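Novice: Have a look at the structure that comes next, please.
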Amino acid sequence: MNTDAIIEIKNLVKSFKGSSSPAVNDVSFTISRNEIFGLLGPNGAGKTTTISILCGLFPPTRGHVLIDGKDLNGDLDTIKQIVGVVPQDLALYPTLTARENLSFYGHMYGLSGKTLKDKISMWLDNFGLTEAANRRVSTFSGGMKRRVNLIAGILHSPKILFLDEPTVGVDVQSRNVIIEYLKQLNQTGTTIIYTSHHMDEAEHFCTQVAIIDHGKIIIEGSPKKLISDNAGCENLESVFLKLTNRALRD
């Protein structure tokens with residue numbers, strides 16, 4: 001076991017019934033503690049499947065995963081206590097208010113009483129949602145829903161935070177607020193694993209990235225190193241297009 005690693009993935013495979021090839025195909029990589037790790041790839045490359053396995057949403061077909069030194073297969077309940085998940089699809093109840101949604105998720109994580117109320121109030125304030133706290137989420141803009149969705153995943157101060165496209169479909173102001181608070185969260189010790197289609201965002205946000213395509217990791221390293229190692233590439237987006245080609249993915 002690598003003591004500097006908070007996540008170790010070895011020979012991970014996930015096959016789905018009826019598919020001609022694995023969604024994740026013999027993937028191995030390590031994520032260091034306090035990293036902001038970007039898992040990037042085209043549509044259907046295997047990003048969300050990999051994240052879903054690490055979150056315990058479904059088991060791998062083969063492979064071995066250690067999270068904070070614990071085996072994903074045998075210690076899932078323990079692992080879930082230290083993990084936060086912010087899914088790509090909004091995990092909110094539209095007929096409940098923002099405060100009611102967060103209270104529900106806080107109780108799921110074992111929070112209660114004044115501790116939970118104070119955390120909810122703090123995060124609503126941090127994300128500019130205090131005045132809207134008692135409105136139904138169905139009345140919120142896309143950016144406001146994304147911010148509530150994020151708060152639901154960080155209320156319990158997780159050691160590891162999984163983010164699947166956390167800024168998709170939001171305005172520039174909401175995106176900046178989300179990214180800045182995620183950076184602050186990382187500085188307090190939370191390791192972040194993040195997927196995105198925003199290459200410019202990933203380049204400036206992530207400390208390490210891995211690009212996955214057709215279920216396989218094709219390159220890994222810091223954004224700066226990947227750019228310098230690929231001749232003619234001026235940014236992470238040009239590296240991404242060079243390695244995954246420019247063909248449309250649907």
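Labels for the structure tokens follow display order: chains A, B, ..., residues from 1 in each chain, ligands from 1.
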Could you give me, as CSV, a per-residue list for segment 57-167 of chain A showing, wherever an atom lies at most 8 Å from an atom of segment 194-201 of chain A, the closest pair of atoms and their distance in Å to one decimal, using only C-alpha atoms and sorting by chain then residue number from low to high?
Specialist:
residue,atom,partner,partner_atom,distance
A:Phe162,CA,A:Tyr194,CA,6.0
A:Leu163,CA,A:Tyr194,CA,4.6
A:Asp164,CA,A:Thr195,CA,5.0
A:Glu165,CA,A:Ser196,CA,4.7
A:Pro166,CA,A:Ser196,CA,7.5
A:Thr167,CA,A:Ser196,CA,8.0
Novice: Residues of segment 16-246 of chain A in strand (DSSP E or B) according to DSSP, as a PyMOL selection string?
Specialist: chain A and resi 24-32+36-40+62-67+70-71+83-86+97+136+160-164+191-195+208-213+216-221
Novice: Hey, what's within 8 Å of Cys55 of chain A if we count only C-alpha atoms and toss same-chain stuff fewer than 6 positions away? As a list in words, please?
Specialist: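 Near Cys55 of chain A, the qualifying residues are Lys80, Val83, Val85 and Phe162 of chain A.
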Novice: Would you list, as a VMD selection string, the residues of segment 100-210 of chain A that end up in helix (DSSP H, G or I) under DSSP run on this structure's backbone?
Specialist: chain A and resid 100 to 108 113 to 126 130 to 132 137 to 139 142 to 154 172 to 187 199 to 205
Novice: Report as a short mmCIF file (atom, residue, chain, number, x, y, z; two decimals) with C-alpha atoms, in the first residue's frame all protein, DNA and RNA residues lying within 12 Å of Gly74 of chain A, evaluated on only C-alpha atoms, omitting residues in the same chain fewer than 5 positions from it.
Specialist:
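Contents of the output file result.cif:
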data_model
loop_
_atom_site.label_atom_id
_atom_site.label_comp_id
_atom_site.auth_asym_id
_atom_site.auth_seq_id
_atom_site.Cartn_x
_atom_site.Cartn_y
_atom_site.Cartn_z
CA GLY A 56 -19.61 2.27 -4.59
CA PRO A 59 -19.10 -3.23 -8.32
CA HIS A 64 -8.75 -3.87 -7.01
CA VAL A 65 -9.48 -0.50 -5.38
CA LEU A 66 -8.10 0.88 -2.12
CA ILE A 67 -9.61 4.09 -0.72
CA GLY A 69 -6.20 2.20 2.81
CA ILE A 79 -15.54 4.27 2.94
CA LYS A 80 -18.94 5.93 2.41
#
Novice: May I ask which of the residues A:Asn73, A:Ser157, A:Ser174, A:Gly38 is the closest one to Leu54 of chain A, counting only C-alpha atoms?
Specialist: A:Asn73
